[in-house]
file run27.txt (compact mmCIF, C-alpha atoms)
# COMPACT_ATOMS: atom_id res chain seq x y z
CA MET A 1344 -11.18 5.78 23.23
CA LYS A 1345 -12.51 5.58 19.69
CA VAL A 1346 -11.37 2.59 17.66
CA ALA A 1347 -11.69 1.26 14.13
CA LEU A 1348 -11.81 -2.47 13.48
CA TYR A 1349 -9.97 -3.84 10.45
CA ALA A 1350 -10.31 -7.41 9.20
CA ARG A 1351 -9.10 -8.99 5.96
CA VAL A 1352 -9.16 -12.38 4.25
CA SER A 1353 -7.48 -13.27 0.98
CA THR A 1354 -10.33 -15.06 -0.86
CA ASP A 1355 -14.11 -15.12 -0.94
CA LYS A 1356 -13.93 -18.70 0.34
CA GLN A 1357 -12.91 -17.28 3.70
CA THR A 1358 -14.86 -15.05 6.08
CA VAL A 1359 -13.96 -12.04 8.19
CA ASP A 1360 -16.65 -12.90 10.76
CA ASN A 1361 -14.34 -14.66 13.21
CA GLN A 1362 -11.93 -11.74 13.20
CA LEU A 1363 -14.72 -9.22 13.75
CA ILE A 1364 -16.23 -11.21 16.63
CA ARG A 1365 -12.92 -11.22 18.47
CA LEU A 1366 -12.27 -7.55 17.76
CA ARG A 1367 -15.73 -6.53 18.99
CA GLU A 1368 -15.29 -8.57 22.18
CA PHE A 1369 -11.90 -6.99 22.84
CA ALA A 1370 -13.30 -3.50 22.31
CA GLY A 1371 -16.21 -4.27 24.62
CA ILE A 1372 -14.00 -5.57 27.42
CA HIS A 1373 -11.85 -2.44 27.31
CA LYS A 1374 -14.84 -0.08 26.94
CA TYR A 1375 -13.67 1.20 23.57
CA GLU A 1376 -16.11 3.01 21.28
CA ILE A 1377 -16.23 1.35 17.84
CA THR A 1378 -16.66 4.11 15.26
CA GLY A 1379 -16.12 1.96 12.17
CA GLU A 1380 -15.60 -1.56 10.85
CA TYR A 1381 -13.54 -2.04 7.69
CA THR A 1382 -13.27 -5.38 5.89
CA ASP A 1383 -11.45 -6.44 2.74
CA VAL A 1384 -11.60 -9.69 0.80
CA ILE A 1385 -8.38 -9.33 -1.14
CA SER A 1386 -4.72 -10.33 -1.04
CA GLY A 1387 -2.64 -8.36 1.42
CA ALA A 1388 -0.05 -7.85 -1.29
CA SER A 1389 -2.54 -5.87 -3.39
CA ALA A 1390 -1.71 -2.18 -3.71
CA HIS A 1391 -5.41 -1.29 -3.74
CA ARG A 1392 -7.62 -2.41 -0.87
CA PRO A 1393 -10.92 -0.46 -0.81
CA ALA A 1394 -11.74 -0.81 2.89
CA LEU A 1395 -8.19 -0.08 4.00
CA ASP A 1396 -8.05 2.95 1.71
CA GLN A 1397 -11.32 4.22 3.20
CA MET A 1398 -10.02 3.61 6.72
CA LEU A 1399 -6.94 5.71 5.98
CA LYS A 1400 -9.14 8.51 4.66
CA ASP A 1401 -11.27 8.39 7.82
CA ALA A 1402 -8.13 8.37 9.96
CA LYS A 1403 -7.14 11.64 8.34
CA PHE A 1404 -10.38 13.18 9.62
CA LYS A 1405 -9.78 11.88 13.17
CA LYS A 1406 -12.76 9.52 13.24
CA PHE A 1407 -10.88 7.18 15.59
CA ASP A 1408 -7.76 7.06 17.76
CA VAL A 1409 -6.68 3.44 17.36
CA VAL A 1410 -6.95 0.72 14.73
CA LEU A 1411 -7.62 -2.79 16.06
CA ALA A 1412 -6.70 -5.87 14.04
CA VAL A 1413 -6.06 -9.52 14.87
CA LYS A 1414 -2.56 -9.67 13.39
CA LEU A 1415 -0.16 -7.29 11.71
CA ASP A 1416 -0.30 -9.23 8.45
CA ARG A 1417 -3.97 -8.26 8.11
CA LEU A 1418 -2.79 -4.71 7.40
CA GLY A 1419 -0.06 -5.71 4.96
CA ARG A 1420 1.86 -8.74 3.71
CA SER A 1421 5.19 -7.08 2.96
CA VAL A 1422 7.33 -4.97 5.25
CA ILE A 1423 7.29 -2.08 2.77
CA ASN A 1424 3.53 -2.11 2.35
CA LEU A 1425 2.96 -2.46 6.08
CA GLN A 1426 5.37 0.32 6.94
CA ASN A 1427 3.64 2.66 4.47
CA VAL A 1428 0.27 1.99 6.12
CA LEU A 1429 1.60 2.47 9.64
CA LYS A 1430 3.52 5.59 8.65
CA GLU A 1431 0.37 7.15 7.21
CA LEU A 1432 -1.64 6.28 10.33
CA ASP A 1433 1.13 7.71 12.48
CA SER A 1434 1.03 10.98 10.53
CA TYR A 1435 -2.63 11.28 11.58
CA ASP A 1436 -1.70 10.44 15.19
CA VAL A 1437 -3.60 7.14 14.99
CA ARG A 1438 -2.15 4.13 16.81
CA ILE A 1439 -2.55 0.38 16.30
CA LYS A 1440 -3.24 -2.61 18.58
CA MET A 1441 -2.92 -6.27 17.53
CA LEU A 1442 -4.83 -8.96 19.44
CA ASP A 1443 -2.53 -11.91 18.72
CA GLN A 1444 0.78 -10.05 18.87
CA ASP A 1445 2.40 -7.85 21.45
CA ILE A 1446 2.14 -4.81 19.20
CA ASP A 1447 0.67 -1.61 20.56
CA THR A 1448 2.00 1.72 19.31
CA THR A 1449 0.29 3.55 22.16
CA THR A 1450 3.18 2.27 24.33
CA SER A 1451 6.92 3.08 24.26
CA SER A 1452 7.82 -0.51 23.29
CA GLY A 1453 5.27 -0.33 20.49
CA ARG A 1454 6.86 2.87 19.21
CA LEU A 1455 10.21 1.09 19.17
CA MET A 1456 8.64 -1.63 17.03
CA PHE A 1457 7.47 1.06 14.62
CA THR A 1458 11.02 2.43 14.32
CA LEU A 1459 12.47 -1.05 13.74
CA LEU A 1460 9.82 -1.75 11.12
CA GLY A 1461 10.85 1.39 9.25
CA ALA A 1462 14.47 0.20 9.21
CA MET A 1463 13.38 -3.23 7.95
CA ALA A 1464 11.31 -1.61 5.20
CA GLU A 1465 14.31 0.44 4.07
CA PHE A 1466 16.42 -2.74 4.02
CA GLU A 1467 13.78 -4.53 1.95
CA ARG A 1468 13.62 -1.62 -0.51
CA ASP A 1469 17.39 -1.76 -0.96
CA ILE A 1470 17.28 -5.51 -1.61
CA ILE A 1471 14.45 -5.15 -4.15
CA THR A 1472 16.22 -2.29 -5.91
CA GLU A 1473 19.45 -4.31 -6.07
CA ARG A 1474 17.63 -7.32 -7.51
CA ILE A 1475 15.88 -5.15 -10.10
CA ASN A 1476 19.14 -3.54 -11.18
CA ASP A 1477 20.89 -6.92 -11.33
CA GLY A 1478 18.02 -8.32 -13.39
CA ILE A 1479 18.15 -5.41 -15.83
CA ALA A 1480 21.91 -5.74 -16.22
CA ARG A 1481 21.62 -9.50 -16.80
CA ALA A 1482 18.79 -9.05 -19.32
CA GLN A 1483 20.75 -6.42 -21.20
CA LYS A 1484 23.81 -8.65 -21.29
CA GLU A 1485 21.86 -11.69 -22.45
CA GLY A 1486 19.95 -9.60 -24.97
CA THR A 1487 23.20 -8.34 -26.44
CA ARG A 1488 24.57 -11.85 -26.74
CA SER A 1489 21.49 -13.29 -28.40
CA GLY A 1490 20.85 -10.28 -30.60
CA LYS A 1491 17.26 -10.17 -29.38
CA PRO A 1492 15.64 -6.86 -28.41
CA ILE A 1493 15.15 -6.23 -24.69
CA GLY A 1494 11.92 -5.13 -23.11
CA ARG A 1495 9.47 -7.02 -25.29
CA GLY A 1496 6.64 -9.15 -23.93
CA SER A 1497 4.42 -8.81 -20.90
CA LYS A 1498 6.25 -7.32 -17.92
CA GLN A 1499 4.84 -7.41 -14.41
CA LEU A 1500 5.56 -4.61 -11.96
CA SER A 1501 7.30 -5.51 -8.74
CA GLU A 1502 5.67 -4.55 -5.45
CA TYR A 1503 8.40 -1.95 -4.95
CA GLN A 1504 7.61 -0.37 -8.34
CA ILE A 1505 3.89 -0.34 -7.55
CA GLU A 1506 4.42 1.32 -4.16
CA LYS A 1507 6.88 3.80 -5.68
CA ALA A 1508 4.41 4.77 -8.43
CA ARG A 1509 1.56 5.06 -5.97
CA LYS A 1510 3.59 7.39 -3.74
CA LEU A 1511 4.65 9.58 -6.69
CA ILE A 1512 1.04 9.90 -7.85
CA GLU A 1513 -0.19 10.67 -4.32
CA GLU A 1514 2.46 13.39 -3.98
CA ASN A 1515 1.61 14.86 -7.39
CA PRO A 1516 -1.89 13.83 -8.63
CA ASN A 1517 -1.33 15.83 -11.85
CA ILE A 1518 1.95 14.14 -12.76
CA SER A 1519 2.16 13.30 -16.45
CA ALA A 1520 2.74 9.81 -17.78
CA ASN A 1521 6.09 10.87 -19.20
CA LYS A 1522 7.22 12.41 -15.92
CA LEU A 1523 6.09 9.35 -13.95
CA SER A 1524 7.83 6.88 -16.24
CA SER A 1525 11.08 8.89 -16.07
CA ASN A 1526 11.39 7.63 -12.48
CA PHE A 1527 11.59 3.99 -13.60
CA VAL A 1528 14.39 2.11 -15.33
CA GLY A 1529 13.90 -0.93 -17.51
CA ILE A 1530 10.17 -0.50 -18.17
CA SER A 1531 8.50 1.42 -20.97
CA ARG A 1532 6.05 4.24 -20.37
CA ASN A 1533 3.20 2.38 -22.06
CA THR A 1534 3.78 -0.79 -20.03
CA LEU A 1535 4.03 1.16 -16.78
CA ILE A 1536 0.83 3.13 -17.39
CA SER A 1537 -1.01 0.04 -18.62
CA LYS A 1538 -0.15 -1.97 -15.50
CA LEU A 1539 -0.93 0.92 -13.13
CA THR A 1540 -4.27 1.42 -14.89
CA GLU A 1541 -5.11 -2.26 -14.40
CA LEU A 1542 -4.35 -1.88 -10.68
CA GLY A 1543 -6.54 1.23 -10.42
CA ILE A 1544 -3.59 3.41 -9.40
CA TRP A 1545 -3.39 5.46 -12.62
CA LYS A 1546 -6.41 7.17 -14.07
CA LYS A 1547 -6.41 8.79 -17.48
CA LYS A 1548 -5.96 12.52 -17.15
CA VAL A 1549 -8.35 14.84 -18.96
CA VAL A 1550 -6.70 17.90 -20.45
CA LYS A 1551 -8.84 20.87 -21.37
CA LYS A 1552 -7.81 22.40 -24.65
CA VAL A 1553 -8.64 26.07 -25.08
CA GLY A 1554 -11.15 26.51 -27.88
CA GLY A 1555 -11.58 22.79 -28.36
CA PRO A 1556 -12.96 19.61 -26.80
CA GLU A 1557 -11.43 17.87 -23.82
CA ARG A 1558 -9.02 15.11 -24.62
CA GLY A 1559 -7.24 12.36 -22.71
CA GLU A 1560 -3.59 12.87 -21.86
CA SER A 1561 -1.23 11.30 -24.35
CA ILE A 1562 2.09 12.76 -23.25

call {"tool": "encode", "arguments": {"input": "run27.txt", "output": "structure tokens"}}
result
Amino acid sequence: MKVALYARVSTDKQTVDNQLIRLREFAGIHKYEITGEYTDVISGASAHRPALDQMLKDAKFKKFDVVLAVKLDRLGRSVINLQNVLKELDSYDVRIKMLDQDIDTTTSSGRLMFTLLGAMAEFERDIITERINDGIARAQKEGTRSGKPIGRGSKQLSEYQIEKARKLIEENPNISANKLSSNFVGISRNTLISKLTELGIWKKKVVKKVGGPERGESI
């Protein structure tokens, strides 16, 4: 069986070495063939993790059958983020095994866990959406009372908004900024694009104009 090892720590003051040692030993005991080792030094809540992104690309090309990690939270810190990763791996027919948890999607009980995780992710999305809508309604009401304009200042994107934007862009890489922002309520187009650019999710589109120079997208 071909396996990929994935290890992650949150800061550069930590090391992935201990995780890798255990993963290599486990693979050796079970006679697994290690075809790749992927390590990230970044928060699990981050929408962009270079090594994880590369691992998902390699999974698409069937470079391994199973992903080994020490714990599930190494792959993702939120249920939504984790479910997205596992769902993508599942679409490539790649399974997961966790050393410190009884999680193994090569088994029937592991597949049940995957189904339950999907339900939990949907529940978390609903809660986040409800909180966002409640927050918008409250801000609009308070803004009306105070006479102050709503939507000014620095706004941070929620993890749900980040994951939603990332999925929309993955489904349609040529989506325009206007079209993308039409899917979000309570956040301006400029703020949305600015924050997604900072996260490396949105890249400025280059539009070729017939008879003229190329220009960056502004619509």

call {"tool": "closest_residue", "arguments": {"input": "run27.txt", "among": "A:Asn1427, A:Gln1397, A:Ser1531, A:Asn1517", "to": "Lys1547 (chain A)", "atoms": "all atoms listed in the file"}}
result
A:Asn1517

call {"tool": "closest_residue", "arguments": {"input": "run27.txt", "among": "A:His1391, A:Arg1365, A:Arg1417, A:Lys1430", "to": "Thr1540 (chain A)", "atoms": "all atoms listed in the file"}}
result
A:His1391

call {"tool": "residues_around", "arguments": {"input": "run27.txt", "residues": "Thr1354 (chain A)", "least_positions_apart": "6", "cutoff": "9 Å", "atoms": "all atoms listed in the file", "output": "list of chain:residue names"}}
result
A:Val1384, A:Ile1385, A:Ser1386

call {"tool": "write_last_selection", "arguments": {"input": "run27.txt", "atoms": "C-alpha atoms", "output": "CSV table (one decimal), in the coordinates of the input"}}
result
chain,number,residue,atom,x,y,z
A,1384,VAL,CA,-11.6,-9.7,0.8
A,1385,ILE,CA,-8.4,-9.3,-1.1
A,1386,SER,CA,-4.7,-10.3,-1.0

call {"tool": "residues_near_point", "arguments": {"input": "run27.txt", "point": "(13.6, 6.4, -11.2)", "cutoff": "12 Å", "atoms": "all atoms listed in the file", "output": "PyMOL selection string"}}
result
chain A and resi 1472+1475-1476+1503-1504+1507-1508+1511+1521-1530

call {"tool": "write_last_selection", "arguments": {"input": "run27.txt", "atoms": "C-alpha atoms", "output": "PDB file, keeping the file's coordinate frame"}}
result
ATOM      1  CA  THR A1472      16.220  -2.290  -5.910  1.00  0.00           C
ATOM      2  CA  ILE A1475      15.880  -5.150 -10.100  1.00  0.00           C
ATOM      3  CA  ASN A1476      19.140  -3.540 -11.180  1.00  0.00           C
ATOM      4  CA  TYR A1503       8.400  -1.950  -4.950  1.00  0.00           C
ATOM      5  CA  GLN A1504       7.610  -0.370  -8.340  1.00  0.00           C
ATOM      6  CA  LYS A1507       6.880   3.800  -5.680  1.00  0.00           C
ATOM      7  CA  ALA A1508       4.410   4.770  -8.430  1.00  0.00           C
ATOM      8  CA  LEU A1511       4.650   9.580  -6.690  1.00  0.00           C
ATOM      9  CA  ASN A1521       6.090  10.870 -19.200  1.00  0.00           C
ATOM     10  CA  LYS A1522       7.220  12.410 -15.920  1.00  0.00           C
ATOM     11  CA  LEU A1523       6.090   9.350 -13.950  1.00  0.00           C
ATOM     12  CA  SER A1524       7.830   6.880 -16.240  1.00  0.00           C
ATOM     13  CA  SER A1525      11.080   8.890 -16.070  1.00  0.00           C
ATOM     14  CA  ASN A1526      11.390   7.630 -12.480  1.00  0.00           C
ATOM     15  CA  PHE A1527      11.590   3.990 -13.600  1.00  0.00           C
ATOM     16  CA  VAL A1528      14.390   2.110 -15.330  1.00  0.00           C
ATOM     17  CA  GLY A1529      13.900  -0.930 -17.510  1.00  0.00           C
ATOM     18  CA  ILE A1530      10.170  -0.500 -18.170  1.00  0.00           C
TER      19      ILE A1530
END

call {"tool": "atom_distance", "arguments": {"input": "run27.txt", "atom1": "CA of Phe1369 (chain A)", "atom2": "CA of Met1398 (chain A)"}}
result
19.4 Å

call {"tool": "residues_near_point", "arguments": {"input": "run27.txt", "point": "(-7.2, 0.5, -4.7)", "cutoff": "12 Å", "atoms": "only C-alpha atoms", "output": "NGL selection string"}}
result
:A and (1383 or 1385-1397 or 1399 or 1505-1506 or 1509 or 1539-1546)

call {"tool": "closest_residue", "arguments": {"input": "run27.txt", "among": "A:Val1359, A:Val1346, A:Ala1520, A:Ala1402", "to": "Thr1382 (chain A)", "atoms": "only C-alpha atoms"}}
result
A:Val1359

call {"tool": "atom_distance", "arguments": {"input": "run27.txt", "atom1": "CA of Lys1440 (chain A)", "atom2": "CA of Val1409 (chain A)"}}
result
7.1 Å

call {"tool": "closest_residue", "arguments": {"input": "run27.txt", "among": "A:Asn1515, A:Ser1434, A:Ser1353, A:Ser1537", "to": "Gln1499 (chain A)", "atoms": "all atoms listed in the file"}}
result
A:Ser1537

call {"tool": "atom_distance", "arguments": {"input": "run27.txt", "atom1": "CA of Val1428 (chain A)", "atom2": "CA of Ile1372 (chain A)"}}
result
26.7 Å

call {"tool": "closest_residue", "arguments": {"input": "run27.txt", "among": "A:Leu1425, A:Met1344, A:Asn1361, A:Asp1355", "to": "Thr1378 (chain A)", "atoms": "all atoms listed in the file"}}
result
A:Met1344

call {"tool": "closest_residue", "arguments": {"input": "run27.txt", "among": "A:Arg1351, A:Lys1406, A:Leu1411, A:Asp1443", "to": "Arg1367 (chain A)", "atoms": "only C-alpha atoms"}}
result
A:Leu1411

call {"tool": "residues_around", "arguments": {"input": "run27.txt", "residues": "Gln1444 (chain A)", "least_positions_apart": "2", "cutoff": "10 Å", "atoms": "only C-alpha atoms", "output": "JSON, numbers by chain"}}
result
{"A": [1412, 1413, 1414, 1415, 1440, 1441, 1442, 1446, 1447]}
